[in-house]
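Q: Sharing final.cif here; it has mmCIF, N, CA and C atoms.
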data_entry
loop_
_atom_site.label_atom_id
_atom_site.label_comp_id
_atom_site.auth_asym_id
_atom_site.auth_seq_id
_atom_site.Cartn_x
_atom_site.Cartn_y
_atom_site.Cartn_z
N MET A 1 -56.85 58.27 11.48
CA MET A 1 -55.77 58.04 12.43
C MET A 1 -56.11 58.77 13.73
N LYS A 2 -55.95 58.08 14.80
CA LYS A 2 -56.22 58.68 16.11
C LYS A 2 -55.02 59.49 16.57
N TYR A 3 -55.29 60.51 17.35
CA TYR A 3 -54.23 61.40 17.83
C TYR A 3 -53.16 60.63 18.61
N GLU A 4 -53.56 59.71 19.45
CA GLU A 4 -52.60 58.96 20.26
C GLU A 4 -51.64 58.16 19.39
N GLU A 5 -52.17 57.58 18.31
CA GLU A 5 -51.35 56.81 17.38
C GLU A 5 -50.34 57.73 16.67
N LEU A 6 -50.82 58.87 16.21
CA LEU A 6 -49.95 59.83 15.54
C LEU A 6 -48.89 60.37 16.50
N LYS A 7 -49.28 60.68 17.71
CA LYS A 7 -48.34 61.20 18.71
C LYS A 7 -47.24 60.18 18.98
N SER A 8 -47.59 58.91 19.03
CA SER A 8 -46.61 57.85 19.25
C SER A 8 -45.60 57.80 18.10
N ILE A 9 -46.07 57.92 16.89
CA ILE A 9 -45.18 57.93 15.72
C ILE A 9 -44.27 59.15 15.78
N MET A 10 -44.85 60.31 16.04
CA MET A 10 -44.09 61.56 16.06
C MET A 10 -43.02 61.56 17.15
N ASP A 11 -43.30 60.97 18.29
CA ASP A 11 -42.35 60.94 19.40
C ASP A 11 -41.08 60.17 19.04
N GLU A 12 -41.19 59.22 18.11
CA GLU A 12 -40.04 58.41 17.73
C GLU A 12 -39.29 58.95 16.53
N GLU A 13 -39.87 59.90 15.82
CA GLU A 13 -39.23 60.45 14.63
C GLU A 13 -38.14 61.46 14.99
N LEU A 14 -37.17 61.60 14.10
CA LEU A 14 -36.11 62.60 14.19
C LEU A 14 -35.34 62.51 15.50
N ASP A 15 -35.25 61.33 16.04
CA ASP A 15 -34.55 61.12 17.31
C ASP A 15 -35.10 62.04 18.41
N GLY A 16 -36.39 62.32 18.35
CA GLY A 16 -37.03 63.15 19.37
C GLY A 16 -36.78 64.64 19.22
N LYS A 17 -36.15 65.06 18.13
CA LYS A 17 -35.85 66.48 17.93
C LYS A 17 -36.71 67.04 16.81
N SER A 18 -36.62 68.33 16.55
CA SER A 18 -37.41 68.93 15.47
C SER A 18 -36.62 69.04 14.17
N LEU A 19 -35.31 68.75 14.21
CA LEU A 19 -34.47 68.87 13.02
C LEU A 19 -33.45 67.74 13.00
N LYS A 20 -33.35 67.10 11.85
CA LYS A 20 -32.37 66.03 11.66
C LYS A 20 -31.62 66.33 10.37
N ILE A 21 -30.29 66.42 10.46
CA ILE A 21 -29.46 66.67 9.29
C ILE A 21 -28.57 65.46 9.08
N PHE A 22 -28.50 65.00 7.84
CA PHE A 22 -27.67 63.85 7.52
C PHE A 22 -27.26 63.94 6.06
N GLU A 23 -26.61 62.93 5.55
CA GLU A 23 -26.09 62.95 4.19
C GLU A 23 -26.65 61.79 3.39
N ILE A 24 -26.97 62.07 2.13
CA ILE A 24 -27.38 61.04 1.18
C ILE A 24 -26.53 61.22 -0.06
N ASP A 25 -25.72 60.23 -0.37
CA ASP A 25 -24.87 60.23 -1.58
C ASP A 25 -24.12 61.54 -1.77
N GLY A 26 -23.54 62.07 -0.71
CA GLY A 26 -22.73 63.27 -0.81
C GLY A 26 -23.48 64.58 -0.73
N TYR A 27 -24.79 64.53 -0.56
CA TYR A 27 -25.62 65.73 -0.42
C TYR A 27 -26.06 65.88 1.03
N ASN A 28 -25.97 67.09 1.57
CA ASN A 28 -26.54 67.36 2.88
C ASN A 28 -28.06 67.43 2.73
N VAL A 29 -28.75 66.75 3.61
CA VAL A 29 -30.21 66.76 3.60
C VAL A 29 -30.70 67.02 5.01
N ALA A 30 -31.93 67.47 5.11
CA ALA A 30 -32.50 67.76 6.43
C ALA A 30 -33.99 67.42 6.43
N ILE A 31 -34.45 66.99 7.58
CA ILE A 31 -35.89 66.83 7.82
C ILE A 31 -36.21 67.71 9.01
N HIS A 32 -37.22 68.54 8.84
CA HIS A 32 -37.58 69.51 9.88
C HIS A 32 -39.07 69.39 10.16
N ARG A 33 -39.42 69.34 11.44
CA ARG A 33 -40.83 69.36 11.84
C ARG A 33 -41.24 70.81 12.08
N ILE A 34 -42.30 71.24 11.43
CA ILE A 34 -42.83 72.59 11.62
C ILE A 34 -43.49 72.64 13.00
N PRO A 35 -42.97 73.48 13.89
CA PRO A 35 -43.44 73.46 15.29
C PRO A 35 -44.94 73.74 15.45
N THR A 36 -45.48 74.66 14.69
CA THR A 36 -46.88 75.05 14.91
C THR A 36 -47.89 74.04 14.37
N LEU A 37 -47.57 73.39 13.26
CA LEU A 37 -48.51 72.47 12.64
C LEU A 37 -48.13 71.01 12.81
N GLY A 38 -46.85 70.72 13.03
CA GLY A 38 -46.41 69.37 13.33
C GLY A 38 -46.03 68.51 12.14
N HIS A 39 -46.23 68.99 10.91
CA HIS A 39 -45.88 68.16 9.76
C HIS A 39 -44.39 68.27 9.45
N LEU A 40 -43.89 67.33 8.65
CA LEU A 40 -42.48 67.29 8.29
C LEU A 40 -42.25 67.96 6.94
N CYS A 41 -41.04 68.49 6.79
CA CYS A 41 -40.57 69.04 5.52
C CYS A 41 -39.20 68.44 5.24
N GLY A 42 -38.87 68.24 3.98
CA GLY A 42 -37.58 67.70 3.60
C GLY A 42 -36.82 68.70 2.75
N TYR A 43 -35.49 68.74 2.95
CA TYR A 43 -34.63 69.72 2.27
C TYR A 43 -33.35 69.06 1.78
N VAL A 44 -32.84 69.55 0.65
CA VAL A 44 -31.56 69.12 0.11
C VAL A 44 -30.73 70.36 -0.17
N GLN A 45 -29.48 70.35 0.30
CA GLN A 45 -28.58 71.47 0.02
C GLN A 45 -27.98 71.25 -1.36
N LEU A 46 -28.09 72.29 -2.20
CA LEU A 46 -27.56 72.19 -3.55
C LEU A 46 -26.05 72.30 -3.54
N LYS A 47 -25.42 71.64 -4.50
CA LYS A 47 -23.97 71.74 -4.65
C LYS A 47 -23.63 73.13 -5.18
N GLN A 48 -22.45 73.56 -4.95
CA GLN A 48 -22.02 74.90 -5.37
C GLN A 48 -22.29 75.17 -6.84
N GLN A 49 -22.05 74.18 -7.72
CA GLN A 49 -22.21 74.42 -9.14
C GLN A 49 -23.66 74.68 -9.55
N TRP A 50 -24.62 74.36 -8.70
CA TRP A 50 -26.02 74.60 -9.00
C TRP A 50 -26.57 75.84 -8.33
N LYS A 51 -25.76 76.51 -7.56
CA LYS A 51 -26.25 77.59 -6.72
C LYS A 51 -27.00 78.68 -7.48
N LYS A 52 -26.61 78.98 -8.70
CA LYS A 52 -27.23 80.08 -9.43
C LYS A 52 -28.38 79.63 -10.33
N ASN A 53 -28.70 78.38 -10.34
CA ASN A 53 -29.82 77.90 -11.15
C ASN A 53 -31.12 78.07 -10.38
N TYR A 54 -32.19 78.24 -11.09
CA TYR A 54 -33.49 78.47 -10.49
C TYR A 54 -34.21 77.14 -10.31
N PHE A 55 -34.27 76.64 -9.09
CA PHE A 55 -34.85 75.33 -8.82
C PHE A 55 -36.29 75.37 -8.33
N TYR A 56 -36.84 76.54 -8.17
CA TYR A 56 -38.19 76.63 -7.61
C TYR A 56 -39.22 76.32 -8.71
N THR A 57 -39.16 75.15 -9.24
CA THR A 57 -40.08 74.74 -10.29
C THR A 57 -40.24 73.23 -10.27
N ASN A 58 -41.42 72.78 -10.62
CA ASN A 58 -41.68 71.35 -10.67
C ASN A 58 -41.24 70.74 -11.99
N ASP A 59 -40.79 71.58 -12.94
CA ASP A 59 -40.28 71.05 -14.20
C ASP A 59 -38.90 70.44 -14.04
N ILE A 60 -38.21 70.78 -12.97
CA ILE A 60 -36.83 70.32 -12.78
C ILE A 60 -36.76 69.15 -11.81
N ILE A 61 -37.47 69.25 -10.70
CA ILE A 61 -37.43 68.22 -9.67
C ILE A 61 -38.85 67.74 -9.37
N ASP A 62 -39.03 66.43 -9.35
CA ASP A 62 -40.33 65.84 -9.04
C ASP A 62 -40.28 65.32 -7.61
N CYS A 63 -41.20 65.80 -6.78
CA CYS A 63 -41.28 65.32 -5.40
C CYS A 63 -42.69 65.57 -4.87
N HIS A 64 -42.96 65.06 -3.69
CA HIS A 64 -44.27 65.18 -3.06
C HIS A 64 -44.69 66.64 -2.96
N GLY A 65 -45.75 67.00 -3.64
CA GLY A 65 -46.28 68.36 -3.58
C GLY A 65 -45.46 69.40 -4.32
N GLY A 66 -44.36 68.99 -4.93
CA GLY A 66 -43.50 69.93 -5.65
C GLY A 66 -42.55 70.67 -4.71
N ILE A 67 -41.57 71.31 -5.30
CA ILE A 67 -40.62 72.10 -4.53
C ILE A 67 -41.35 73.34 -4.02
N THR A 68 -41.34 73.53 -2.71
CA THR A 68 -42.05 74.67 -2.10
C THR A 68 -41.10 75.59 -1.35
N PHE A 69 -39.80 75.30 -1.41
CA PHE A 69 -38.83 76.13 -0.69
C PHE A 69 -37.54 76.19 -1.47
N GLU A 70 -36.94 77.39 -1.52
CA GLU A 70 -35.60 77.57 -2.05
C GLU A 70 -34.96 78.72 -1.27
N GLY A 71 -33.79 78.48 -0.69
CA GLY A 71 -33.11 79.53 0.05
C GLY A 71 -32.20 78.94 1.10
N GLU A 72 -31.80 79.79 2.06
CA GLU A 72 -30.99 79.31 3.18
C GLU A 72 -31.90 78.65 4.20
N LEU A 73 -31.43 77.56 4.75
CA LEU A 73 -32.22 76.80 5.72
C LEU A 73 -31.73 77.13 7.12
N LEU A 74 -32.58 77.79 7.88
CA LEU A 74 -32.26 78.19 9.25
C LEU A 74 -30.91 78.90 9.27
N ASP A 75 -29.94 78.39 10.01
CA ASP A 75 -28.63 79.04 10.09
C ASP A 75 -27.59 78.39 9.19
N PHE A 76 -28.01 77.52 8.28
CA PHE A 76 -27.08 76.80 7.43
C PHE A 76 -26.88 77.56 6.12
N LYS A 77 -25.65 77.82 5.78
CA LYS A 77 -25.32 78.56 4.57
C LYS A 77 -25.59 77.72 3.34
N GLY A 78 -25.65 78.39 2.21
CA GLY A 78 -25.87 77.70 0.95
C GLY A 78 -27.33 77.69 0.57
N THR A 79 -27.59 77.22 -0.63
CA THR A 79 -28.95 77.16 -1.15
C THR A 79 -29.52 75.77 -0.93
N TRP A 80 -30.68 75.74 -0.34
CA TRP A 80 -31.41 74.51 -0.10
C TRP A 80 -32.72 74.55 -0.88
N ILE A 81 -33.18 73.40 -1.34
CA ILE A 81 -34.53 73.29 -1.90
C ILE A 81 -35.29 72.33 -1.00
N GLY A 82 -36.60 72.49 -0.96
CA GLY A 82 -37.36 71.63 -0.07
C GLY A 82 -38.81 71.47 -0.47
N PHE A 83 -39.45 70.52 0.18
CA PHE A 83 -40.87 70.24 -0.01
C PHE A 83 -41.50 70.08 1.35
N ASP A 84 -42.81 70.21 1.40
CA ASP A 84 -43.50 70.06 2.69
C ASP A 84 -44.56 68.97 2.61
N CYS A 85 -44.95 68.50 3.76
CA CYS A 85 -45.98 67.47 3.86
C CYS A 85 -47.21 68.04 4.56
N GLY A 86 -47.61 69.21 4.11
CA GLY A 86 -48.78 69.87 4.66
C GLY A 86 -49.83 70.14 3.60
N HIS A 87 -49.99 69.21 2.67
CA HIS A 87 -50.93 69.38 1.57
C HIS A 87 -52.29 68.77 1.90
N ALA A 88 -53.24 68.94 1.02
CA ALA A 88 -54.61 68.48 1.26
C ALA A 88 -54.69 66.97 1.51
N THR A 89 -53.81 66.20 0.91
CA THR A 89 -53.84 64.75 1.12
C THR A 89 -52.90 64.30 2.24
N ASP A 90 -52.39 65.24 3.00
CA ASP A 90 -51.51 64.93 4.13
C ASP A 90 -52.26 65.15 5.44
N ILE A 91 -52.04 64.28 6.39
CA ILE A 91 -52.55 64.54 7.73
C ILE A 91 -51.54 65.44 8.42
N VAL A 92 -51.98 66.62 8.75
CA VAL A 92 -51.17 67.58 9.49
C VAL A 92 -51.55 67.42 10.96
N PRO A 93 -50.58 67.12 11.83
CA PRO A 93 -50.91 66.85 13.23
C PRO A 93 -51.81 67.91 13.88
N ALA A 94 -51.63 69.17 13.53
CA ALA A 94 -52.48 70.21 14.13
C ALA A 94 -53.93 70.10 13.68
N SER A 95 -54.19 69.29 12.65
CA SER A 95 -55.58 69.13 12.18
C SER A 95 -56.33 68.06 12.95
N LEU A 96 -55.66 67.39 13.88
CA LEU A 96 -56.34 66.40 14.72
C LEU A 96 -56.53 66.98 16.11
N ASP A 97 -57.73 66.88 16.62
CA ASP A 97 -57.91 67.35 18.00
C ASP A 97 -57.46 66.23 18.95
N ARG A 98 -57.52 66.50 20.19
CA ARG A 98 -56.96 65.57 21.18
C ARG A 98 -57.76 64.27 21.34
N VAL A 99 -58.93 64.19 20.75
CA VAL A 99 -59.66 62.93 20.82
C VAL A 99 -59.59 62.19 19.48
N GLY A 100 -58.80 62.73 18.54
CA GLY A 100 -58.54 62.01 17.30
C GLY A 100 -59.48 62.33 16.16
N GLU A 101 -60.35 63.28 16.34
CA GLU A 101 -61.24 63.65 15.25
C GLU A 101 -60.56 64.65 14.33
N ARG A 102 -60.82 64.54 13.06
CA ARG A 102 -60.22 65.44 12.08
C ARG A 102 -60.95 66.77 12.11
N ILE A 103 -60.19 67.85 12.16
CA ILE A 103 -60.76 69.19 12.12
C ILE A 103 -60.70 69.67 10.68
N GLY A 104 -61.80 70.16 10.16
CA GLY A 104 -61.80 70.69 8.79
C GLY A 104 -62.04 69.59 7.78
N ARG A 105 -61.41 69.74 6.59
CA ARG A 105 -61.62 68.79 5.50
C ARG A 105 -61.25 67.37 5.90
N GLU A 106 -62.11 66.46 5.56
CA GLU A 106 -61.84 65.05 5.81
C GLU A 106 -61.66 64.36 4.47
N SER A 107 -60.66 63.54 4.35
CA SER A 107 -60.45 62.80 3.12
C SER A 107 -59.93 61.42 3.46
N PHE A 108 -60.52 60.41 2.85
CA PHE A 108 -60.04 59.06 3.08
C PHE A 108 -58.66 58.86 2.45
N LEU A 109 -58.25 59.79 1.58
CA LEU A 109 -56.94 59.71 0.96
C LEU A 109 -55.84 60.30 1.84
N SER A 110 -56.21 61.01 2.88
CA SER A 110 -55.22 61.68 3.72
C SER A 110 -54.40 60.67 4.50
N THR A 111 -53.08 60.88 4.48
CA THR A 111 -52.17 60.03 5.26
C THR A 111 -51.11 60.92 5.90
N TYR A 112 -50.57 60.44 7.01
CA TYR A 112 -49.47 61.15 7.65
C TYR A 112 -48.19 60.75 6.94
N LYS A 113 -47.44 61.72 6.46
CA LYS A 113 -46.17 61.47 5.79
C LYS A 113 -45.07 61.46 6.85
N ASP A 114 -44.59 60.27 7.17
CA ASP A 114 -43.65 60.08 8.27
C ASP A 114 -42.20 60.26 7.82
N GLU A 115 -41.29 60.05 8.77
CA GLU A 115 -39.87 60.24 8.50
C GLU A 115 -39.38 59.32 7.37
N ALA A 116 -39.87 58.09 7.32
CA ALA A 116 -39.47 57.17 6.26
C ALA A 116 -39.92 57.68 4.89
N PHE A 117 -41.13 58.22 4.81
CA PHE A 117 -41.63 58.78 3.56
C PHE A 117 -40.76 59.95 3.12
N VAL A 118 -40.47 60.87 4.05
CA VAL A 118 -39.69 62.06 3.72
C VAL A 118 -38.27 61.66 3.29
N THR A 119 -37.69 60.69 3.98
CA THR A 119 -36.35 60.21 3.61
C THR A 119 -36.35 59.64 2.20
N ALA A 120 -37.35 58.86 1.86
CA ALA A 120 -37.45 58.30 0.50
C ALA A 120 -37.58 59.40 -0.54
N GLU A 121 -38.33 60.44 -0.25
CA GLU A 121 -38.45 61.58 -1.17
C GLU A 121 -37.11 62.30 -1.32
N LEU A 122 -36.38 62.45 -0.20
CA LEU A 122 -35.06 63.08 -0.27
C LEU A 122 -34.10 62.24 -1.11
N GLU A 123 -34.16 60.94 -0.96
CA GLU A 123 -33.33 60.06 -1.79
C GLU A 123 -33.65 60.24 -3.27
N SER A 124 -34.94 60.37 -3.59
CA SER A 124 -35.36 60.58 -4.97
C SER A 124 -34.86 61.93 -5.50
N ILE A 125 -34.96 62.97 -4.71
CA ILE A 125 -34.47 64.29 -5.13
C ILE A 125 -32.97 64.24 -5.38
N VAL A 126 -32.22 63.62 -4.48
CA VAL A 126 -30.77 63.51 -4.66
C VAL A 126 -30.46 62.76 -5.95
N GLU A 127 -31.17 61.68 -6.20
CA GLU A 127 -30.96 60.91 -7.44
C GLU A 127 -31.23 61.79 -8.67
N GLN A 128 -32.29 62.59 -8.62
CA GLN A 128 -32.60 63.48 -9.74
C GLN A 128 -31.51 64.52 -9.92
N LEU A 129 -31.02 65.08 -8.81
CA LEU A 129 -29.96 66.09 -8.89
C LEU A 129 -28.68 65.50 -9.47
N LYS A 130 -28.38 64.28 -9.10
CA LYS A 130 -27.17 63.64 -9.61
C LYS A 130 -27.24 63.42 -11.12
N LYS A 131 -28.44 63.25 -11.66
CA LYS A 131 -28.61 63.04 -13.10
C LYS A 131 -28.56 64.35 -13.89
N LYS A 132 -28.77 65.48 -13.23
CA LYS A 132 -28.76 66.77 -13.90
C LYS A 132 -27.31 67.19 -14.14
N GLU A 133 -27.06 67.71 -15.30
CA GLU A 133 -25.72 68.21 -15.60
C GLU A 133 -25.84 69.65 -16.07
N TYR A 134 -25.46 70.57 -15.19
CA TYR A 134 -25.54 72.00 -15.51
C TYR A 134 -24.15 72.55 -15.62
#
If you took the structure in this file and wrote it as structure tokens, what would it be?
A:
Amino acid sequence: MKYEELKSIMDEELDGKSLKIFEIDGYNVAIHRIPTLGHLCGYVQLKQQWKKNYFYTNDIIDCHGGITFEGELLDFKGTWIGFDCGHATDIVPASLDRVGERIGRESFLSTYKDEAFVTAELESIVEQLKKKEY
């Protein structure tokens, strides 16, 4: 993927902002772009009844790269769980130089995980949470 193509995609994501908060089936969710590296992360705020359960495990929730975050999200109260799109098979915008060449490891499997991908993962996490009964 060339840098110009990626930049065009990124400019249209998240309504041009670095954070987008919305709701999926009664759950608060967020997509956040990491400023330094440029990749997206997805988060779901847990319902009060799940607040004391330990969600930082891949045995409970299945998502891209596994759950890599549990805690308060920025200034938002409550417990959030999240995943990131900065893994070895992800194109991280900071890994592309300005002429579109990949810096570091190159993999034909690497893809940029866009807003649509992250939203689909958030929908999957919400569906999994709705099936859990604690």
Q: I would like the residues chosen by the PyMOL selection byres ((chain A and resi 19-34) around 7) on the shown file; could you give them as an NGL selection string?
A: :A and (14 or 16-18 or 35-46 or 123 or 126)
Q: Using the selection just defined, write its residues with N, CA and C atoms as an mmCIF file, in the coordinates of the input.
A:
data_model
loop_
_atom_site.group_PDB
_atom_site.id
_atom_site.type_symbol
_atom_site.label_atom_id
_atom_site.label_comp_id
_atom_site.auth_asym_id
_atom_site.auth_seq_id
_atom_site.Cartn_x
_atom_site.Cartn_y
_atom_site.Cartn_z
ATOM 1 N N LEU A 14 -37.170 61.600 14.100
ATOM 2 C CA LEU A 14 -36.110 62.600 14.190
ATOM 3 C C LEU A 14 -35.340 62.510 15.500
ATOM 4 N N GLY A 16 -36.390 62.320 18.350
ATOM 5 C CA GLY A 16 -37.030 63.150 19.370
ATOM 6 C C GLY A 16 -36.780 64.640 19.220
ATOM 7 N N LYS A 17 -36.150 65.060 18.130
ATOM 8 C CA LYS A 17 -35.850 66.480 17.930
ATOM 9 C C LYS A 17 -36.710 67.040 16.810
ATOM 10 N N SER A 18 -36.620 68.330 16.550
ATOM 11 C CA SER A 18 -37.410 68.930 15.470
ATOM 12 C C SER A 18 -36.620 69.040 14.170
ATOM 13 N N PRO A 35 -42.970 73.480 13.890
ATOM 14 C CA PRO A 35 -43.440 73.460 15.290
ATOM 15 C C PRO A 35 -44.940 73.740 15.450
ATOM 16 N N THR A 36 -45.480 74.660 14.690
ATOM 17 C CA THR A 36 -46.880 75.050 14.910
ATOM 18 C C THR A 36 -47.890 74.040 14.370
ATOM 19 N N LEU A 37 -47.570 73.390 13.260
ATOM 20 C CA LEU A 37 -48.510 72.470 12.640
ATOM 21 C C LEU A 37 -48.130 71.010 12.810
ATOM 22 N N GLY A 38 -46.850 70.720 13.030
ATOM 23 C CA GLY A 38 -46.410 69.370 13.330
ATOM 24 C C GLY A 38 -46.030 68.510 12.140
ATOM 25 N N HIS A 39 -46.230 68.990 10.910
ATOM 26 C CA HIS A 39 -45.880 68.160 9.760
ATOM 27 C C HIS A 39 -44.390 68.270 9.450
ATOM 28 N N LEU A 40 -43.890 67.330 8.650
ATOM 29 C CA LEU A 40 -42.480 67.290 8.290
ATOM 30 C C LEU A 40 -42.250 67.960 6.940
ATOM 31 N N CYS A 41 -41.040 68.490 6.790
ATOM 32 C CA CYS A 41 -40.570 69.040 5.520
ATOM 33 C C CYS A 41 -39.200 68.440 5.240
ATOM 34 N N GLY A 42 -38.870 68.240 3.980
ATOM 35 C CA GLY A 42 -37.580 67.700 3.600
ATOM 36 C C GLY A 42 -36.820 68.700 2.750
ATOM 37 N N TYR A 43 -35.490 68.740 2.950
ATOM 38 C CA TYR A 43 -34.630 69.720 2.270
ATOM 39 C C TYR A 43 -33.350 69.060 1.780
ATOM 40 N N VAL A 44 -32.840 69.550 0.650
ATOM 41 C CA VAL A 44 -31.560 69.120 0.110
ATOM 42 C C VAL A 44 -30.730 70.360 -0.170
ATOM 43 N N GLN A 45 -29.480 70.350 0.300
ATOM 44 C CA GLN A 45 -28.580 71.470 0.020
ATOM 45 C C GLN A 45 -27.980 71.250 -1.360
ATOM 46 N N LEU A 46 -28.090 72.290 -2.200
ATOM 47 C CA LEU A 46 -27.560 72.190 -3.550
ATOM 48 C C LEU A 46 -26.050 72.300 -3.540
ATOM 49 N N GLU A 123 -34.160 60.940 -0.960
ATOM 50 C CA GLU A 123 -33.330 60.060 -1.790
ATOM 51 C C GLU A 123 -33.650 60.240 -3.270
ATOM 52 N N VAL A 126 -32.220 63.620 -4.480
ATOM 53 C CA VAL A 126 -30.770 63.510 -4.660
ATOM 54 C C VAL A 126 -30.460 62.760 -5.950
#
Q: Between atom N of Ile81 (chain A) and atom N of Ser8 (chain A), what is the distance, to one decimal in Å?
A: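 Atom N of Ser8 (chain A) lies at a distance of 28.9 Å from atom N of Ile81 (chain A).
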Q: Run DSSP on the backbone and give me the residues of region 1-133 of chain A it puts in strand (DSSP E or B), as a count of residues only.
A: 37
Q: So how far away is CA of Asp15 (chain A) from CA of Ile91 (chain A), in Å?
A: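 Computing the Euclidean distance for CA of Ile91 (chain A) and CA of Asp15 (chain A) yields 20.7 Å.
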Q: Quick one: which residues end up in the PyMOL selection byres ((chain A and resi 73-78) around 8) for this structure, as a VMD selection string?
A: chain A and resid 45 to 48 51 70 to 72 79 to 81
Q: Work out how far apart atom C of Gly66 (chain A) and atom C of Glu121 (chain A) are and give it in Å to one decimal.
A: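 These atoms are spaced 10.5 Å apart.
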Q: Exactly which residues make up the result of the PyMOL selection byres ((chain A and resi 90) around 7) on this file, given as an NGL selection string?
A: :A and (85-89 or 91-93 or 109-113)
Q: Could you please take those selected residues and save N, CA and C atoms as an mmCIF file, in the coordinates of the input?
A:
data_model
loop_
_atom_site.group_PDB
_atom_site.id
_atom_site.type_symbol
_atom_site.label_atom_id
_atom_site.label_comp_id
_atom_site.auth_asym_id
_atom_site.auth_seq_id
_atom_site.Cartn_x
_atom_site.Cartn_y
_atom_site.Cartn_z
ATOM 1 N N CYS A 85 -44.950 68.500 3.760
ATOM 2 C CA CYS A 85 -45.980 67.470 3.860
ATOM 3 C C CYS A 85 -47.210 68.040 4.560
ATOM 4 N N GLY A 86 -47.610 69.210 4.110
ATOM 5 C CA GLY A 86 -48.780 69.870 4.660
ATOM 6 C C GLY A 86 -49.830 70.140 3.600
ATOM 7 N N HIS A 87 -49.990 69.210 2.670
ATOM 8 C CA HIS A 87 -50.930 69.380 1.570
ATOM 9 C C HIS A 87 -52.290 68.770 1.900
ATOM 10 N N ALA A 88 -53.240 68.940 1.020
ATOM 11 C CA ALA A 88 -54.610 68.480 1.260
ATOM 12 C C ALA A 88 -54.690 66.970 1.510
ATOM 13 N N THR A 89 -53.810 66.200 0.910
ATOM 14 C CA THR A 89 -53.840 64.750 1.120
ATOM 15 C C THR A 89 -52.900 64.300 2.240
ATOM 16 N N ILE A 91 -52.040 64.280 6.390
ATOM 17 C CA ILE A 91 -52.550 64.540 7.730
ATOM 18 C C ILE A 91 -51.540 65.440 8.420
ATOM 19 N N VAL A 92 -51.980 66.620 8.750
ATOM 20 C CA VAL A 92 -51.170 67.580 9.490
ATOM 21 C C VAL A 92 -51.550 67.420 10.960
ATOM 22 N N PRO A 93 -50.580 67.120 11.830
ATOM 23 C CA PRO A 93 -50.910 66.850 13.230
ATOM 24 C C PRO A 93 -51.810 67.910 13.880
ATOM 25 N N LEU A 109 -58.250 59.790 1.580
ATOM 26 C CA LEU A 109 -56.940 59.710 0.960
ATOM 27 C C LEU A 109 -55.840 60.300 1.840
ATOM 28 N N SER A 110 -56.210 61.010 2.880
ATOM 29 C CA SER A 110 -55.220 61.680 3.720
ATOM 30 C C SER A 110 -54.400 60.670 4.500
ATOM 31 N N THR A 111 -53.080 60.880 4.480
ATOM 32 C CA THR A 111 -52.170 60.030 5.260
ATOM 33 C C THR A 111 -51.110 60.920 5.900
ATOM 34 N N TYR A 112 -50.570 60.440 7.010
ATOM 35 C CA TYR A 112 -49.470 61.150 7.650
ATOM 36 C C TYR A 112 -48.190 60.750 6.940
ATOM 37 N N LYS A 113 -47.440 61.720 6.460
ATOM 38 C CA LYS A 113 -46.170 61.470 5.790
ATOM 39 C C LYS A 113 -45.070 61.460 6.850
#
Q: So, with only C-alpha atoms as the atoms that count, which of A:Asp59, A:Lys132, A:Ser95, A:Asp84 lies closest to Tyr3 (chain A)?
A: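 Smallest distance to Tyr3 (chain A) is found for A:Ser95.
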Q: For Glu4 (chain A), which of A:Phe117, A:Leu129, A:Ser124, A:Leu96 is the closest residue, counting only C-alpha atoms?
A: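 Of all the options, A:Leu96 lies closest to Glu4 (chain A).
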